[in-house]
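Structure, as C-alpha coordinates:
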Amino acid sequence: MAFGVPHATLASDAAPRMNAMERIIDEGLLIALSAVRMAVKNHIIVGALREHDNFDESSYQTVARDELLLLAAQNEEDAARVAQERRELASRRWSQGFTEDERLDIGRLGRRRRAHKGLALILHAVADDDKKLAAIVEDAQHDASYEIRKALAARLIRQTIDGHAPGYARMREERIKYLLAIDFAMLRDRTSGTNP
(Lines give C-alpha, C1' and ligand atoms only; values in the text may rest on other atoms or scores of the structure.)
Protein backbone atom coordinates (compact mmCIF):
# COMPACT_ATOMS: atom_id res chain seq x y z
CA MET A 1 0.00 0.00 0.00
CA ALA A 2 1.65 3.26 -1.08
CA PHE A 3 0.43 6.23 0.91
CA GLY A 4 -2.83 4.53 1.77
CA VAL A 5 -3.47 3.34 -1.79
CA PRO A 6 -3.51 -0.46 -2.19
CA HIS A 7 -1.24 -1.96 -4.79
CA ALA A 8 -0.26 -5.45 -5.88
CA THR A 9 2.14 -7.25 -3.58
CA LEU A 10 3.24 -10.20 -5.68
CA ALA A 11 6.67 -9.94 -7.25
CA SER A 12 5.17 -11.04 -10.57
CA ASP A 13 2.77 -8.08 -10.61
CA ALA A 14 3.72 -4.96 -12.50
CA ALA A 15 3.19 -2.65 -9.50
CA PRO A 16 6.45 -1.02 -8.41
CA ARG A 17 7.83 -1.80 -4.98
CA MET A 18 7.98 1.00 -2.43
CA ASN A 19 11.35 2.30 -1.42
CA ALA A 20 12.26 2.42 2.27
CA MET A 21 11.13 6.04 2.76
CA GLU A 22 7.78 5.43 1.07
CA ARG A 23 7.24 2.39 3.29
CA ILE A 24 8.07 4.39 6.44
CA ILE A 25 5.68 7.17 5.43
CA ASP A 26 2.98 4.67 4.44
CA GLU A 27 3.24 2.89 7.80
CA GLY A 28 3.09 6.24 9.58
CA LEU A 29 -0.03 7.11 7.59
CA LEU A 30 -1.68 3.80 8.52
CA ILE A 31 -0.99 4.45 12.20
CA ALA A 32 -2.24 8.04 11.94
CA LEU A 33 -5.43 7.01 10.12
CA SER A 34 -6.08 4.37 12.76
CA ALA A 35 -5.70 6.98 15.51
CA VAL A 36 -8.01 9.40 13.70
CA ARG A 37 -10.62 6.69 13.11
CA MET A 38 -10.49 5.80 16.82
CA ALA A 39 -10.90 9.46 17.83
CA VAL A 40 -13.91 9.86 15.53
CA LYS A 41 -15.38 6.57 16.81
CA ASN A 42 -15.08 7.83 20.38
CA HIS A 43 -16.81 11.11 19.43
CA ILE A 44 -19.63 9.13 17.82
CA ILE A 45 -20.08 6.93 20.89
CA VAL A 46 -19.99 9.84 23.34
CA GLY A 47 -22.33 11.86 21.14
CA ALA A 48 -24.81 9.02 20.90
CA LEU A 49 -24.76 7.78 24.47
CA ARG A 50 -24.02 10.82 26.59
CA GLU A 51 -25.21 13.72 24.47
CA HIS A 52 -28.03 11.84 22.70
CA ASP A 53 -26.93 13.42 19.42
CA ASN A 54 -28.08 12.14 16.07
CA PHE A 55 -25.36 11.04 13.69
CA ASP A 56 -24.16 14.02 11.66
CA GLU A 57 -21.58 12.99 9.10
CA SER A 58 -20.37 16.54 8.41
CA SER A 59 -19.60 17.22 12.07
CA TYR A 60 -17.64 13.97 12.33
CA GLN A 61 -15.80 14.82 9.11
CA THR A 62 -14.77 18.04 10.85
CA VAL A 63 -13.49 15.99 13.81
CA ALA A 64 -11.53 13.77 11.40
CA ARG A 65 -10.11 16.80 9.56
CA ASP A 66 -9.09 18.48 12.83
CA GLU A 67 -7.37 15.30 14.06
CA LEU A 68 -5.52 14.91 10.75
CA LEU A 69 -4.39 18.53 10.81
CA LEU A 70 -3.24 18.16 14.41
CA LEU A 71 -1.15 15.12 13.48
CA ALA A 72 0.22 16.97 10.44
CA ALA A 73 1.24 19.92 12.63
CA GLN A 74 2.91 17.57 15.11
CA ASN A 75 4.89 15.98 12.28
CA GLU A 76 5.89 19.40 10.95
CA GLU A 77 7.12 20.35 14.43
CA ASP A 78 9.00 17.06 14.70
CA ALA A 79 10.60 17.65 11.29
CA ALA A 80 11.77 21.11 12.39
CA ARG A 81 13.12 19.74 15.70
CA VAL A 82 14.99 16.92 13.97
CA ALA A 83 16.40 19.36 11.39
CA GLN A 84 17.69 21.55 14.22
CA GLU A 85 19.28 18.55 15.95
CA ARG A 86 20.94 17.60 12.65
CA ARG A 87 22.28 21.13 12.13
CA GLU A 88 23.67 21.21 15.67
CA LEU A 89 25.36 17.86 15.23
CA ALA A 90 26.77 18.81 11.81
CA SER A 91 28.15 22.11 13.15
CA ARG A 92 30.27 20.20 15.67
CA ARG A 93 32.14 18.55 12.80
CA TRP A 94 34.51 21.51 12.57
CA SER A 95 35.13 21.89 16.29
CA GLN A 96 35.84 18.26 17.07
CA GLY A 97 36.24 14.98 15.27
CA PHE A 98 33.21 12.94 14.44
CA THR A 99 32.74 9.44 15.67
CA GLU A 100 31.33 6.88 13.28
CA ASP A 101 28.05 6.90 15.27
CA GLU A 102 27.75 10.68 14.90
CA ARG A 103 28.25 10.40 11.13
CA LEU A 104 25.50 7.80 11.00
CA ASP A 105 23.28 9.98 13.20
CA ILE A 106 23.47 12.83 10.69
CA GLY A 107 22.09 10.53 8.00
CA ARG A 108 19.43 9.10 10.31
CA LEU A 109 18.29 12.55 11.37
CA GLY A 110 18.00 13.59 7.74
CA ARG A 111 15.85 10.55 6.96
CA ARG A 112 13.68 11.20 10.04
CA ARG A 113 13.14 14.80 8.92
CA ARG A 114 12.12 13.64 5.43
CA ALA A 115 9.76 11.04 6.92
CA HIS A 116 8.07 13.61 9.18
CA LYS A 117 7.76 16.13 6.35
CA GLY A 118 6.43 13.51 3.95
CA LEU A 119 3.89 12.26 6.46
CA ALA A 120 2.77 15.82 7.23
CA LEU A 121 2.21 16.48 3.50
CA ILE A 122 0.11 13.34 3.09
CA LEU A 123 -1.91 14.04 6.24
CA HIS A 124 -2.72 17.50 4.85
CA ALA A 125 -3.77 15.90 1.54
CA VAL A 126 -6.07 13.43 3.31
CA ALA A 127 -7.54 16.26 5.43
CA ASP A 128 -8.36 18.14 2.19
CA ASP A 129 -10.00 15.11 0.51
CA ASP A 130 -13.71 14.90 1.31
CA LYS A 131 -13.98 11.34 -0.03
CA LYS A 132 -11.21 10.12 2.26
CA LEU A 133 -12.75 11.95 5.20
CA ALA A 134 -16.11 10.32 4.44
CA ALA A 135 -14.40 6.90 4.35
CA ILE A 136 -12.76 7.54 7.73
CA VAL A 137 -16.11 8.57 9.24
CA GLU A 138 -17.87 5.57 7.71
CA ASP A 139 -15.26 3.19 9.17
CA ALA A 140 -15.51 4.94 12.55
CA GLN A 141 -19.30 4.69 12.46
CA HIS A 142 -19.08 0.93 11.81
CA ASP A 143 -16.57 0.56 14.66
CA ALA A 144 -18.78 2.59 17.02
CA SER A 145 -21.88 0.59 16.06
CA TYR A 146 -20.02 -2.67 16.68
CA GLU A 147 -18.84 -1.54 20.12
CA ILE A 148 -22.30 -0.33 21.14
CA ARG A 149 -23.93 -3.56 19.88
CA LYS A 150 -21.36 -5.64 21.74
CA ALA A 151 -21.91 -3.71 24.99
CA LEU A 152 -25.70 -3.96 24.69
CA ALA A 153 -25.54 -7.70 23.96
CA ALA A 154 -23.33 -8.25 27.01
CA ARG A 155 -25.74 -6.25 29.16
CA LEU A 156 -28.75 -8.17 27.87
CA ILE A 157 -27.01 -11.48 28.51
CA ARG A 158 -26.31 -10.44 32.10
CA GLN A 159 -29.98 -9.53 32.50
CA THR A 160 -31.28 -12.85 31.23
CA ILE A 161 -33.87 -14.12 33.67
CA ASP A 162 -34.64 -17.74 34.39
CA GLY A 163 -38.40 -18.16 34.88
CA HIS A 164 -37.83 -21.30 36.95
CA ALA A 165 -35.40 -19.70 39.42
CA PRO A 166 -36.46 -19.41 43.08
CA GLY A 167 -37.93 -16.00 43.85
CA TYR A 168 -38.80 -15.36 40.17
CA ALA A 169 -42.37 -14.25 40.93
CA ARG A 170 -41.27 -11.81 43.65
CA MET A 171 -38.46 -10.37 41.50
CA ARG A 172 -40.79 -10.15 38.48
CA GLU A 173 -43.04 -7.73 40.33
CA GLU A 174 -40.04 -5.55 41.27
CA ARG A 175 -38.77 -5.58 37.67
CA ILE A 176 -42.18 -4.49 36.38
CA LYS A 177 -42.30 -1.63 38.90
CA TYR A 178 -38.81 -0.56 37.85
CA LEU A 179 -39.78 -0.74 34.17
CA LEU A 180 -42.86 1.39 34.73
CA ALA A 181 -41.16 3.90 37.03
CA ILE A 182 -37.93 4.41 35.17
CA ASP A 183 -37.89 3.13 31.60
CA PHE A 184 -41.41 4.18 30.62
CA ALA A 185 -40.96 7.55 32.29
CA MET A 186 -37.78 8.15 30.30
CA LEU A 187 -39.49 7.03 27.10
CA ARG A 188 -42.47 9.30 27.79
CA ASP A 189 -40.20 12.27 28.50
CA ARG A 190 -38.21 11.69 25.31
CA THR A 191 -41.26 11.42 23.11
CA SER A 192 -42.86 14.49 24.70
CA GLY A 193 -39.63 16.48 24.34
CA THR A 194 -39.08 17.24 28.01
CA ASN A 195 -35.86 15.18 28.26
CA PRO A 196 -34.02 15.21 24.89
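So you can find residues: chains in the C-alpha coordinates are A, B, ... in the order shown, residues in each start at 1, and ligands are numbered from 1 in order.
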request  = If you run DSSP over the backbone, which residues in stretch 30-190 of chain A end up helix (DSSP H, G or I)? Put them as a VMD selection string.
outcome  = chain A and resid 30 to 49 57 to 91 100 to 127 130 to 158 168 to 190
Interface rows for stretch 63-92 of chain A against stretch 134-143 of chain A: nearest pair, Å to one decimal, 10 Å, only C-alpha atoms, as CSV:
residue,atom,partner,partner_atom,distance
A:Val63,CA,A:Val137,CA,9.1
A:Ala64,CA,A:Val137,CA,7.3
A:Arg65,CA,A:Ile136,CA,9.8
Write out as a PDB file with N, CA, C and O atoms, in the first residue's frame which residues come within 12 Å of A:Ala20 when counting only C-alpha atoms, dropping same-chain ones fewer than 3 positions away.
ATOM      1  N   ALA A   2       0.828   2.058  -1.015  1.00  0.00           N
ATOM      2  CA  ALA A   2       1.646   3.258  -1.076  1.00  0.00           C
ATOM      3  C   ALA A   2       0.787   4.453  -0.695  1.00  0.00           C
ATOM      4  O   ALA A   2      -0.168   4.782  -1.380  1.00  0.00           O
ATOM      5  N   ARG A  17       7.624  -1.651  -6.425  1.00  0.00           N
ATOM      6  CA  ARG A  17       7.831  -1.801  -4.985  1.00  0.00           C
ATOM      7  C   ARG A  17       8.120  -0.431  -4.384  1.00  0.00           C
ATOM      8  O   ARG A  17       8.709   0.427  -5.018  1.00  0.00           O
ATOM      9  N   ARG A  23       7.789   3.365   2.359  1.00  0.00           N
ATOM     10  CA  ARG A  23       7.242   2.385   3.293  1.00  0.00           C
ATOM     11  C   ARG A  23       7.100   2.990   4.692  1.00  0.00           C
ATOM     12  O   ARG A  23       6.081   2.813   5.367  1.00  0.00           O
ATOM     13  N   ILE A  24       8.114   3.747   5.122  1.00  0.00           N
ATOM     14  CA  ILE A  24       8.068   4.394   6.438  1.00  0.00           C
ATOM     15  C   ILE A  24       6.902   5.375   6.501  1.00  0.00           C
ATOM     16  O   ILE A  24       6.129   5.394   7.465  1.00  0.00           O
ATOM     17  N   ILE A  25       6.755   6.179   5.464  1.00  0.00           N
ATOM     18  CA  ILE A  25       5.676   7.171   5.430  1.00  0.00           C
ATOM     19  C   ILE A  25       4.320   6.472   5.361  1.00  0.00           C
ATOM     20  O   ILE A  25       3.372   6.863   6.051  1.00  0.00           O
ATOM     21  N   ASP A  26       4.227   5.404   4.560  1.00  0.00           N
ATOM     22  CA  ASP A  26       2.980   4.673   4.437  1.00  0.00           C
ATOM     23  C   ASP A  26       2.590   4.053   5.771  1.00  0.00           C
ATOM     24  O   ASP A  26       1.425   4.109   6.173  1.00  0.00           O
ATOM     25  N   GLU A  27       3.541   3.474   6.490  1.00  0.00           N
ATOM     26  CA  GLU A  27       3.243   2.889   7.795  1.00  0.00           C
ATOM     27  C   GLU A  27       2.832   3.970   8.793  1.00  0.00           C
ATOM     28  O   GLU A  27       1.916   3.768   9.596  1.00  0.00           O
ATOM     29  N   ARG A 111      16.945  11.429   7.380  1.00  0.00           N
ATOM     30  CA  ARG A 111      15.851  10.552   6.964  1.00  0.00           C
ATOM     31  C   ARG A 111      14.620  10.759   7.844  1.00  0.00           C
ATOM     32  O   ARG A 111      13.493  10.757   7.344  1.00  0.00           O
ATOM     33  N   ARG A 112      14.822  10.945   9.150  1.00  0.00           N
ATOM     34  CA  ARG A 112      13.685  11.200  10.042  1.00  0.00           C
ATOM     35  C   ARG A 112      12.971  12.492   9.658  1.00  0.00           C
ATOM     36  O   ARG A 112      11.738  12.562   9.654  1.00  0.00           O
ATOM     37  N   ARG A 114      12.864  13.888   6.671  1.00  0.00           N
ATOM     38  CA  ARG A 114      12.120  13.642   5.427  1.00  0.00           C
ATOM     39  C   ARG A 114      10.851  12.829   5.701  1.00  0.00           C
ATOM     40  O   ARG A 114       9.802  13.094   5.099  1.00  0.00           O
ATOM     41  N   ALA A 115      10.941  11.858   6.605  1.00  0.00           N
ATOM     42  CA  ALA A 115       9.761  11.040   6.919  1.00  0.00           C
ATOM     43  C   ALA A 115       8.680  11.904   7.570  1.00  0.00           C
ATOM     44  O   ALA A 115       7.496  11.812   7.194  1.00  0.00           O
TER      45      ALA A 115
END
query = So which residues touch A:Arg87 within 10 Å, counting only C-alpha atoms, skipping near sequence neighbours fewer than 4 positions away, as a PyMOL selection string?
reply = chain A and resi 81-83+91-92+106+109-110
request  = Please measure the separation of atom CA of A:Val40 and atom CA of A:Leu121, giving the value in Å to one decimal.
outcome  = 21.2 Å
remark   = One decimal place gives the atom CA of A:Ala125-atom CA of A:Ala72 separation as 9.8 Å
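Near A:Ala35, within 12 Å and counting only C-alpha atoms, sit Gly28, Leu29, Leu30, Ile31, Ala32, Met38, Ala39, Val40, Lys41, Asn42, Ala64, Glu67, Leu68, Leu70, Leu71, Ile136 and Ala140 of chain A; same-chain residues fewer than 3 positions away were not included.
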remark   = If you count only C-alpha atoms, the residue of A:Arg108, A:Arg86, A:His124, A:His116 closest to A:Asp66 turns out to be A:His124
